[in-house]
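Written out below as structure tokens is the structure these notes cover.
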Amino acid sequence: MIHQLASNNVHVPLYHVLLHGWIQVAGTSDVALRIPSVVAGTMAIPLLYLLGRQLFNPATGLVAATLGAFSPVWVWHSDEARMYPLLLCVGLASTYALLRALERGGLARWSTYALLTGLCLYTHYFAALLLPAHAVAAMLFGERSRRRDWLLAASAAVALFTPWIYLIIRLRLQQHGLHSLTNGAVTPGPGAAPIGILSSFATFLLVYLTGYKDKAQMAVITLVTIGAWPLLALAIGLGARARAFLRTRAAVFLLFWLLTTVGVIFVLNALKGGVLMQRYAILASAPLFLLLARGLLAVIPRALTATAITAVVLMTLSVSVALDRSNPVKEDFRTASDIILDGWQHGDRVLAAPGYGVVPLRHYLPSDVPIQGIPTAVRSTTDVAFVEPSQPVEQARSSALWVVTVYLGSHDPKHVVLDSIGRHAHLTQRWRLGGDFELRRYEVRSTLVHTRLRPSGPGAGEAVVAAARSFR
Amino acid sequence: MTGIGALSPHANNFVLVYGAYFSLVLATLVVACRGQLRLAHLQANFGAFPVYAAAALATAFRIPARFRATNVASTSRLPILMLVTPLVFLGTVASIPIGITERPIDARLLANVSWAFINLALLWGVTRAALIELGLPLPWRGAHDDETDEPGGAVTSLAAGSVDLASRDRDAYLPEESPLNRPSRAGKARAVLESPWLAVAVITSFGLWLRFLLIDAQGLSLDENSSLGRRSSASRT
């Protein structure tokens with residue numbers, strides 16, 4: 001199993017190993033698959049409180065825990081069968097264990113820290129970004145001997161991770177080369193102008209509070225936030241408390257943790273697009289929430305009031321983000337499958353663009369429904385490929401094409417796929433099920449059967465439709 | 001007065017240039033005041049500007065100007081002028097979303113939004129005073145001083161409002177009749193929060209409930225199927 005995960009997976013194995021065990025007990029229903037994430041995401045709430053209490057006081061911990069409990073991003077990913085809530089939970093536990101070990105020392109505490117950090121590294125590759133923050137914590141909070149202890153414990157954690165690195169290098173080099181670790185997705189990086197970088201950075205962090213929203217809404221929210229910078233300047237410039245706070249070790253540690261994590265991912269995104277995602281930097285939301293909790297308590301000093309306001313506002317946002325069909329990360333393959341099955345007639349075909357959309361559709365559609373993927377390319381229209389038909393093209397009058405598109409804005413920005421299909425088929429209905437997730441129903445024109453197949457280029461769309469029609 | 005500034009708001013890096021300019025001005029004022037400058041001073045200057053302007057114009061043009069002080073004891077009728085600043089404050093707040101939705105999102109709009117926030121910060125001094133005069137309750141009254149920022153530091157009582165309660169009340173009470181001794185609904189809620197772990201348990205329970213409420217809001221995503229696929233393919237080996 002580990003061999004399989006190492007050779008065919010871009011992620012580290014802990015979550016999938018746990019999920020494997022869980023499925024033996026609970027089965028593979030949608031809800032059952034997500035329960036481990038719900039548990040891990042919920043456990044992160046008291047851990048954030050502990051961190052806030054350790055760094056500041058219980059009031060800050062409580063408000064930060066409230067921010068985490070109802071953060072739309074935390075809630076969203078806690079309801080996903082993915083490793084991010086586990087990363088959050090183990091990362092926070094590791095950081096809390098570090099602060100306790102730096103404060104009190106002891107073999108048991110350092111061993112706990114080493115073990116938790118090792119597990120964190122096995123949860124996601126970006127967990128490695130926690131180590132520089134921990135190094136700064138050791139320098140700020142630890143005495144000389146404790147710093148040495150931290151170095152030993154961190155080395156032990158890295159040593160725990162070494163077998164996986166060895167396995168990855170050996171298997172990947174033998175099979176496909178290390179580049180196969182990447183997922184291949186390329187998205188435009190942030191603008192190079194200072195204002196572009198500033199707004200990208202602000203938007204990235206704001207999503208932890210607002211949840212995933214469409215670009216227009218986020219542009220407005222970002223503009224208001226960036227526009228409010230004079231308030232921050234006044235608070236720091238004229239507020240003795242704000243300046244005193246920024247000089248504390250806890251503030252330095254949190255700011256370093258936040259800026260390093262997001263900054264490294266930002267730079268990585270400039271080198272290779274597609275990594276500037278909130279879920280990859282979900283651990284950075286912890287220092288963000290702790291700093292926000294301090295700011296909130298400075299404005300609303302009553303912890304009860306601050307907690308209540310935070311809970312109501314964020315809970316409303318979480319529910320709206322989960323139900324909002326303009327949510328850019330919503331991928332409702334289940335609803336798409338239900339709609340397809342409601343209108344299904346013999347001879348209809350289902351296309352998924354990009355091609356990997358076939359996998360979730362296959363999960364929900366019966367095996368006798370033909371589904372075919374349309375590979376797409378990001379960089380140019382000539383890269384659009386097609387799937388070679390396995391059988392000769394046949395005439396199928398009055399059949400319909402059900403086209404499911406997801407993230408087509410990134411994968412096919414020039415609309416090659418849809419334009420090509422539209423030239424040979426008549427769009428009859430369209431459902432928007434997510435911000436970048438749509439289902440379209442086309443009536444296919446009978447003349448299409450004479451369309452010549454081409455391997456790529458401008459004719460690729462015809463090939464796609466013809467291939468789909470030939471597919472049974 | 002004319003709307004003409006030394007810095008162009010058209011440039012893409014306006015915020016960065018103006019940010020540095022604003023911070024330098026602020027730093028100069030702080031140094032000139034030997035660190036004693038507070039936002040309240042700027043707000044008071046801003047609030048007094050119309051009086052200074054009227055006095056200056058009256059002097060320049062030799063107009064006999066008369067200034068009146070508000071009679072504190074008089075509560076018979078609402079002074080209309082008192083409403084001007086809160087209304088301007090509300091207008092400025094409203095102008096931000098209206099401007100963002102009505103105008104193209106560019107550097108110029110960002111500059112205007114920044115100015116609006118500066119005006120809000122300055123207007124707030126007079127607005128706050130007016131709201132207090134009007135008898136409106138303000139939940140925010142400044143931060144507490146009993147907190148320690150060091151790890152493992154002092155534990156602050158979560159019933160942070162308990163001290164405020166005594167000072168807010170203008171009447172005098174015997175100790176046994178003090179409002180602090182009367183159990184109120186808010187007091188009971190605060191008492192719940194006095195036990196931090198109980199409060200965390202409540203928040204965590206609500207968080208768990210919310211996650212279960214939304215757990216089936218959508219079907220499995222691409223990535224979740226990928227997780228399932230990894231698990232399945234791993235099981236077959």
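Every chain in the structure tokens has a letter given in the order shown (A, B, ...), and although residue numbers restart at 1 in each chain, ligands are simply numbered from 1 in the order shown.
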
Please report as a ChimeraX atom specification which residues of chain A come no farther than 6 Å from chain B, using only C-alpha atoms. /A:1,4,16,20,42,54-57,59,69,75,79,81,195,227-228,230,238,298,300-302,331-334,360

Only C-alpha atoms, please: the residues just picked out, written as a PDB file, in the first residue's frame.
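Okay, result.pdb is ready:
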```pdb
ATOM      1  CA  MET A   1       0.000   0.000   0.000  1.00  0.00           C
ATOM      2  CA  GLN A   4       1.439   2.328  -4.224  1.00  0.00           C
ATOM      3  CA  HIS A  16      -4.783   8.125   2.935  1.00  0.00           C
ATOM      4  CA  HIS A  20      -8.098   3.375   4.292  1.00  0.00           C
ATOM      5  CA  THR A  42     -13.249  20.215  15.178  1.00  0.00           C
ATOM      6  CA  GLN A  54      -0.341  29.968  25.945  1.00  0.00           C
ATOM      7  CA  LEU A  55       0.765  32.985  23.896  1.00  0.00           C
ATOM      8  CA  PHE A  56      -1.593  35.623  25.349  1.00  0.00           C
ATOM      9  CA  ASN A  57      -4.509  34.876  27.630  1.00  0.00           C
ATOM     10  CA  ALA A  59      -9.825  35.687  26.187  1.00  0.00           C
ATOM     11  CA  ALA A  69     -14.721  27.275  14.683  1.00  0.00           C
ATOM     12  CA  VAL A  75     -15.680  24.716   7.883  1.00  0.00           C
ATOM     13  CA  ASP A  79     -16.444  18.939   5.242  1.00  0.00           C
ATOM     14  CA  ALA A  81     -12.530  14.155   2.486  1.00  0.00           C
ATOM     15  CA  ILE A 195      -0.413  46.983  -6.015  1.00  0.00           C
ATOM     16  CA  GLY A 227      -8.319  51.120   1.551  1.00  0.00           C
ATOM     17  CA  ALA A 228      -8.615  50.931   5.329  1.00  0.00           C
ATOM     18  CA  PRO A 230      -4.822  54.471   7.236  1.00  0.00           C
ATOM     19  CA  LEU A 238      -0.557  56.768  17.633  1.00  0.00           C
ATOM     20  CA  ALA A 298      -8.666  45.885  21.398  1.00  0.00           C
ATOM     21  CA  ILE A 300     -14.384  45.211  21.628  1.00  0.00           C
ATOM     22  CA  PRO A 301     -12.759  44.449  24.973  1.00  0.00           C
ATOM     23  CA  ARG A 302     -15.539  42.226  26.244  1.00  0.00           C
ATOM     24  CA  GLU A 331     -17.869  21.131  -7.623  1.00  0.00           C
ATOM     25  CA  ASP A 332     -21.270  19.542  -7.296  1.00  0.00           C
ATOM     26  CA  PHE A 333     -20.882  16.405  -9.396  1.00  0.00           C
ATOM     27  CA  ARG A 334     -23.690  14.748  -7.463  1.00  0.00           C
ATOM     28  CA  PRO A 360     -16.327  11.825  -9.884  1.00  0.00           C
TER      29      PRO A 360
END
```

For the alpha helix (DSSP H) assignment from backbone DSSP, which residues of range 36-177 of chain A qualify? Please present them as a ChimeraX atom specification. /A:36-55,58-70,72-78,84-104,107-121,130-141,144-175

With a distance cut-off of 8 Å and only C-alpha atoms, select the neighbouring residues of range 137-149 of chain A, excluding the residue or stretch itself and same-chain residues fewer than 3 positions from it, and output the selection as a ChimeraX atom specification. /A:99,102-103,105,110,133-134,152-153,249,253 /B:151

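Nearest residue to Val403 in chain A, choosing from A:Val39, A:Ala64, A:Leu198, A:Leu351 and counting only C-alpha atoms: A:Leu351.
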
Near Trp76 in chain A, within 9 Å and counting only C-alpha atoms, which residues show up once chain neighbours fewer than 4 positions away are dropped, as number ranges by chain? A: 71-72, 80, 211-212, 318, 321-322; B: 211, 214-215

Enter the distance from CA of Phe201 in chain A to CA of Val90 in chain A, in Å, rounded to one decimal. 25.4 Å
